[in-house]
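Text of start_5.cif (mmCIF, C-alpha atoms) as supplied:
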```cif
data_work
loop_
_atom_site.label_atom_id
_atom_site.label_comp_id
_atom_site.auth_asym_id
_atom_site.auth_seq_id
_atom_site.Cartn_x
_atom_site.Cartn_y
_atom_site.Cartn_z
CA MET A 1 58.70 45.10 50.13
CA SER A 2 56.55 42.14 49.50
CA GLU A 3 55.49 40.90 46.10
CA THR A 4 51.83 40.29 45.17
CA GLN A 5 51.21 36.74 43.83
CA GLY A 6 48.67 35.96 41.12
CA PRO A 7 45.92 33.34 41.50
CA ILE A 8 47.16 29.85 42.24
CA THR A 9 45.89 27.07 39.92
CA ASP A 10 46.52 23.35 39.53
CA ASP A 11 46.33 23.60 35.74
CA PRO A 12 49.91 23.70 34.49
CA THR A 13 48.73 25.29 31.25
CA GLY A 14 47.16 28.18 33.09
CA GLY A 15 43.71 27.30 31.68
CA ARG A 16 44.86 27.34 28.09
CA GLY A 17 43.83 23.64 27.58
CA ARG A 18 40.16 24.10 28.44
CA PRO A 19 39.04 25.55 25.08
CA ARG A 20 40.63 22.55 23.37
CA HIS A 21 38.65 20.17 25.56
CA ARG A 22 35.44 22.06 24.80
CA ALA A 23 36.15 21.99 21.06
CA ALA A 24 36.77 18.26 21.17
CA ALA A 25 33.48 17.71 23.03
CA VAL A 26 31.58 19.83 20.49
CA LEU A 27 33.12 17.90 17.58
CA THR A 28 32.19 14.60 19.21
CA LEU A 29 28.60 15.77 19.69
CA VAL A 30 28.35 16.95 16.07
CA GLY A 31 29.70 13.60 14.91
CA LEU A 32 27.05 11.73 16.90
CA VAL A 33 24.28 13.92 15.47
CA VAL A 34 25.50 13.36 11.91
CA LEU A 35 25.68 9.61 12.53
CA ALA A 36 22.13 9.57 13.92
CA LEU A 37 20.85 11.47 10.86
CA MET A 38 22.58 9.02 8.52
CA VAL A 39 20.97 6.07 10.30
CA LEU A 40 17.56 7.75 10.08
CA VAL A 41 17.97 8.33 6.33
CA VAL A 42 18.92 4.68 5.79
CA LEU A 43 15.94 3.46 7.82
CA ARG A 44 13.55 5.67 5.88
CA SER A 45 15.04 4.53 2.59
CA THR A 46 14.63 0.90 3.60
CA ALA A 47 11.00 1.48 4.56
CA ASN A 48 10.25 3.20 1.27
CA THR A 49 11.71 0.34 -0.77
CA ASN A 50 9.85 -2.32 1.18
CA PRO A 51 6.50 -3.06 -0.56
CA ALA A 52 4.97 -4.32 2.69
CA ALA A 53 5.60 -0.94 4.34
CA ASP A 54 3.05 0.79 2.05
CA SER A 55 0.71 -2.14 1.37
CA TRP A 56 -2.54 -3.06 3.08
CA ALA A 57 -4.42 -6.35 3.13
CA PHE A 58 -7.45 -4.61 1.62
CA GLU A 59 -7.39 -2.56 -1.58
CA ILE A 60 -9.85 -1.25 -4.16
CA ARG A 61 -8.30 -1.23 -7.62
CA PRO A 62 -9.64 -0.54 -11.12
CA VAL A 63 -9.98 -3.55 -13.43
CA LEU A 64 -7.87 -3.25 -16.59
CA THR A 65 -8.52 -6.66 -18.13
CA THR A 66 -9.71 -10.10 -17.10
CA GLY A 67 -10.04 -13.61 -18.45
CA ALA A 68 -9.93 -17.32 -17.67
CA PRO A 69 -6.77 -18.81 -16.15
CA GLY A 70 -4.25 -19.72 -18.81
CA THR A 71 -5.47 -17.08 -21.27
CA THR A 72 -2.69 -15.51 -23.33
CA PHE A 73 -2.60 -11.76 -22.88
CA THR A 74 -0.69 -9.20 -24.90
CA ALA A 75 0.28 -5.68 -23.93
CA PRO A 76 -1.44 -2.78 -25.71
CA SER A 77 0.57 -1.27 -28.55
CA PRO A 78 2.07 1.23 -28.45
CA THR A 79 2.83 1.18 -24.74
CA ASP A 80 2.45 4.77 -23.59
CA SER A 81 2.85 6.04 -20.05
CA PRO A 82 -0.42 5.60 -18.11
CA THR A 83 -2.36 8.77 -17.42
CA ASN A 84 -4.60 7.42 -14.62
CA PRO A 85 -5.07 4.17 -12.65
CA SER A 86 -7.60 2.83 -15.20
CA ASP A 87 -5.28 3.29 -18.20
CA PRO A 88 -4.51 0.02 -20.10
CA ALA A 89 -0.95 1.31 -20.55
CA TRP A 90 -0.25 -0.24 -17.14
CA ILE A 91 -0.35 -3.61 -18.93
CA THR A 92 3.29 -3.79 -19.99
CA PRO A 93 4.76 -6.89 -21.68
CA GLN A 94 6.15 -7.93 -18.28
CA VAL A 95 2.72 -7.64 -16.64
CA ALA A 96 1.09 -9.54 -19.51
CA SER A 97 3.59 -12.38 -19.11
CA GLN A 98 2.92 -12.55 -15.37
CA LEU A 99 -0.79 -12.82 -16.05
CA THR A 100 -0.34 -15.63 -18.57
CA ALA A 101 1.84 -17.59 -16.13
CA LEU A 102 -0.38 -17.02 -13.07
CA ASP A 103 -1.34 -20.24 -11.25
CA CYS A 104 -4.71 -19.77 -9.60
CA THR A 105 -4.66 -23.31 -8.16
CA SER A 106 -1.76 -22.46 -5.86
CA THR A 107 -2.58 -22.22 -2.15
CA ALA A 108 0.46 -20.03 -1.43
CA ARG A 109 -0.23 -16.46 -0.36
CA PRO A 110 0.38 -14.11 -3.32
CA ALA A 111 3.47 -11.91 -3.17
CA VAL A 112 3.03 -8.34 -1.96
CA THR A 113 2.68 -5.78 -4.74
CA PRO A 114 3.15 -2.07 -3.95
CA ALA A 115 -0.10 -0.12 -3.94
CA ASP A 116 1.17 2.25 -6.64
CA GLN A 117 1.89 -0.56 -9.12
CA PRO A 118 -0.43 -2.77 -11.23
CA LEU A 119 -1.49 -6.06 -9.68
CA VAL A 120 -1.90 -9.44 -11.36
CA ALA A 121 -4.39 -11.46 -9.30
CA CYS A 122 -6.71 -14.44 -9.20
CA SER A 123 -10.31 -14.35 -8.10
CA ARG A 124 -11.13 -15.77 -4.69
CA ASP A 125 -12.33 -19.06 -6.19
CA GLY A 126 -9.57 -19.22 -8.84
CA SER A 127 -11.96 -19.08 -11.79
CA GLU A 128 -10.71 -15.74 -13.19
CA VAL A 129 -7.49 -13.79 -13.53
CA TYR A 130 -7.20 -10.01 -13.47
CA VAL A 131 -4.84 -7.20 -14.27
CA LEU A 132 -5.64 -4.33 -11.94
CA GLY A 133 -4.44 -0.75 -11.89
CA PRO A 134 -2.81 0.90 -8.85
CA ALA A 135 -4.86 0.90 -5.65
CA GLU A 136 -6.99 4.00 -5.18
CA VAL A 137 -8.41 3.01 -1.79
CA THR A 138 -6.62 0.89 0.83
CA GLY A 139 -7.18 -0.34 4.36
CA ALA A 140 -5.82 2.99 5.56
CA ALA A 141 -9.12 4.57 4.42
CA LEU A 142 -11.36 2.17 6.34
CA GLU A 143 -13.15 3.77 9.26
CA SER A 144 -14.93 0.58 10.32
CA THR A 145 -15.81 -2.94 9.17
CA GLU A 146 -18.82 -5.02 10.14
CA THR A 147 -19.79 -8.63 9.54
CA ASP A 148 -23.39 -9.11 8.36
CA VAL A 149 -24.81 -12.58 9.00
CA THR A 150 -27.59 -13.87 6.75
CA GLY A 151 -28.60 -17.41 7.53
CA SER A 152 -25.60 -19.70 7.19
CA THR A 153 -23.49 -17.15 5.31
CA ALA A 154 -22.19 -13.66 5.95
CA GLY A 155 -20.90 -10.55 4.23
CA VAL A 156 -18.69 -7.61 5.12
CA THR A 157 -19.80 -3.97 5.16
CA VAL A 158 -17.22 -1.19 5.34
CA THR A 159 -17.41 2.52 6.12
CA LEU A 160 -14.72 4.75 4.64
CA THR A 161 -13.15 7.91 5.95
CA SER A 162 -13.94 11.18 4.18
CA ALA A 163 -10.68 10.88 2.23
CA GLY A 164 -11.57 7.31 1.29
CA ASN A 165 -15.02 8.35 0.10
CA ALA A 166 -13.51 11.11 -2.02
CA ALA A 167 -11.05 8.67 -3.63
CA LEU A 168 -13.82 6.13 -4.27
CA ALA A 169 -16.03 8.82 -5.82
CA THR A 170 -13.24 9.82 -8.20
CA MET A 171 -12.55 6.21 -9.06
CA THR A 172 -16.17 5.21 -9.71
CA THR A 173 -17.00 8.42 -11.60
CA ARG A 174 -14.20 7.53 -14.02
CA ALA A 175 -15.25 3.88 -14.28
CA VAL A 176 -18.90 4.60 -15.20
CA SER A 177 -18.01 5.80 -18.69
CA LEU A 178 -15.39 3.15 -19.51
CA PRO A 179 -15.95 0.04 -21.65
CA ALA A 180 -16.09 -3.39 -20.02
CA PRO A 181 -14.22 -4.71 -18.14
CA ARG A 182 -12.68 -1.36 -17.21
CA ASN A 183 -16.05 -0.29 -15.79
CA GLN A 184 -15.44 -2.70 -12.90
CA ILE A 185 -13.64 -2.15 -9.62
CA ALA A 186 -11.87 -4.98 -7.82
CA LEU A 187 -12.21 -5.51 -4.09
CA VAL A 188 -8.91 -7.16 -3.18
CA LEU A 189 -7.97 -8.94 0.04
CA ASP A 190 -4.46 -10.34 0.54
CA GLY A 191 -3.73 -10.26 -3.18
CA ARG A 192 -6.91 -12.06 -4.32
CA VAL A 193 -10.05 -10.52 -5.79
CA LEU A 194 -13.05 -10.99 -3.51
CA GLN A 195 -15.44 -9.42 -6.00
CA ALA A 196 -15.24 -7.19 -9.07
CA PRO A 197 -18.59 -5.41 -9.41
CA ARG A 198 -19.52 -3.34 -12.44
CA VAL A 199 -19.98 0.36 -11.65
CA THR A 200 -23.36 1.69 -12.78
CA GLU A 201 -23.20 4.99 -10.93
CA PRO A 202 -20.63 6.91 -8.90
CA LEU A 203 -20.29 5.89 -5.26
CA THR A 204 -20.09 9.00 -3.12
CA GLY A 205 -20.19 7.68 0.44
CA GLY A 206 -22.00 5.67 3.05
CA PRO A 207 -21.53 2.06 4.18
CA MET A 208 -20.65 -0.29 1.34
CA GLN A 209 -21.12 -4.06 1.30
CA ILE A 210 -18.04 -5.50 -0.33
CA ALA A 211 -18.54 -9.24 0.12
CA THR A 212 -21.55 -11.51 0.34
CA GLY A 213 -22.22 -15.21 0.64
CA LEU A 214 -19.06 -16.02 2.59
CA PRO A 215 -18.85 -18.66 5.32
CA GLN A 216 -19.27 -16.84 8.62
CA ALA A 217 -15.75 -17.64 9.85
CA GLU A 218 -14.23 -16.42 6.56
CA ALA A 219 -16.25 -13.20 6.67
CA SER A 220 -15.15 -12.54 10.25
CA THR A 221 -11.49 -13.11 9.32
CA ALA A 222 -11.84 -10.87 6.26
CA ALA A 223 -13.37 -8.03 8.32
CA THR A 224 -10.38 -8.16 10.68
CA ARG A 225 -7.77 -8.44 7.93
CA MET A 226 -9.10 -5.46 5.98
CA THR A 227 -7.73 -2.94 8.46
CA SER A 228 -4.34 -4.64 8.76
CA PRO A 229 -1.09 -3.83 6.95
CA ARG A 230 0.04 -6.61 4.66
CA GLY A 231 3.40 -8.21 5.28
#
```
Could you render the structure as structure tokens?
Amino acid sequence: MSETQGPITDDPTGGRGRPRHRAAAVLTLVGLVVLALMVLVVLRSTANTNPAADSWAFEIRPVLTTGAPGTTFTAPSPTDSPTNPSDPAWITPQVASQLTALDCTSTARPAVTPADQPLVACSRDGSEVYVLGPAEVTGAALESTETDVTGSTAGVTVTLTSAGNAALATMTTRAVSLPAPRNQIALVLDGRVLQAPRVTEPLTGGPMQIATGLPQAEASTAATRMTSPRG
């Protein structure tokens, strides 16, 4: 009487080792996924702590105070937490000391300041210094820029997105009722104030001329820079 043999296999374990191999492969895959997520978190954290990552060459900021270079400024007392971008409480003792020490004769490009922080800046020609509140409109809200030539000089006209127009309307509606110089808005390019016009009525939309009387080459460069991230 012959005996019936079972299936013949080359696996000396009879297949018992395969689940272990699968488990090891799954663990390896999970480890790679976790590692990838950790790298992503680190990269995002680095981007969020890099001022240049959230800064644009062009910004519109509220004016908090202004004066001649070398003027001694003091922080408001008491120093409360600011309630909006036009609040003088942004002028902390540290900001006031930066303003006093600001050198408007320097040709070096100003350091990048995050859009959500106050900015200490010189005017384009170096004749004035400013403390500005956080940016309420940036280059991210520019839909288009255009250079307008008038004789030997030129200006820059910008058109904002709907979100940019809404932010500008909020900003200028607030500024209308504020005392000078907080009724001004600063048009900032690469950390310097191009102009700081006084707001006489809310701006609710439409093309806006933000610079006039510039040399044509400078106006053309400014129009290009306005839609660029600042680094």
Atomic distance CA of Pro118 (chain A) - CA of Ser177 (chain A), expressed in Å with one decimal: 20.9 Å
Residue by residue, what does the PyMOL selection byres ((chain A and resi 173) around 12) grab here? Present the result as a VMD selection string. chain A and resid 62 86 165 to 172 174 to 178 183 to 185 199 to 204
Starting from the shown file, work through the PyMOL selection byres ((chain A and resi 95) around 12) and note down what comes out as an MDAnalysis selection string. chainID A and resid 64:65 72:76 79 88:94 96:102 117:121 130:133
Apply the PyMOL selection byres ((chain A and resi 222) around 10) to the file shown and report the selected residues as a list of chain:residue names.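 Written out, the selection comes to A:Ala57, A:Phe58, A:Thr145, A:Glu146, A:Thr147, A:Gly155, A:Val156, A:Leu189, A:Asp190, A:Leu194, A:Ala211, A:Leu214, A:Gln216, A:Ala217, A:Glu218, A:Ala219, A:Ser220, A:Thr221, A:Ala223, A:Thr224, A:Arg225, A:Met226, A:Thr227.
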Set the distance at 7 Å and use all atoms listed in the file: which residues neighbour Thr153 (chain A) once local chain neighbours fewer than 2 positions away are removed? I'd like the list as a ChimeraX atom specification. /A:149-151,213-216
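Among the candidate residues A:Asn84, A:Thr107, A:Ser162, A:Thr138, the one lying nearest to Pro207 (chain A) is A:Ser162, with distances computed using all atoms listed in the file.
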CA of Asp103 (chain A) to CA of Arg61 (chain A), straight-line distance in Å: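 Rounded to one decimal, the two atoms are 20.6 Å apart.
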Residue nearest Ser127 (chain A) among A:Ile60, A:Cys104, A:Ala111, A:Leu187 (counting all atoms listed in the file):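 Of A:Ile60, A:Cys104, A:Ala111, A:Leu187, the one nearest Ser127 (chain A) is A:Cys104, counting all atoms listed in the file.
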With only C-alpha atoms as the atoms that count, which of A:Thr113, A:Asp148, A:Ser228, A:Ala163 lies nearest to Gly205 (chain A)? A:Ala163
Of the candidates A:Ala68, A:Ala180, A:Ala154, A:Leu160, which one gets nearest to Ala141 (chain A) if we count only C-alpha atoms? A:Leu160
What does the structure give for the distance between CA of Thr212 (chain A) and CA of Glu59 (chain A), in Å to one decimal?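 Going from CA of Thr212 (chain A) over to CA of Glu59 (chain A) covers 16.9 Å.
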Nearest residue to Arg198 (chain A) from the set A:Ala115, A:Val63, A:Val137, A:Val158 (distances using all atoms listed in the file):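 Using all atoms listed in the file, Arg198 (chain A) sits closest to A:Val63.
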Top pick for closest residue to Arg124 (chain A), considering A:Thr71, A:Gln195, A:Thr66, A:Gln209 and counting all atoms listed in the file: A:Gln195
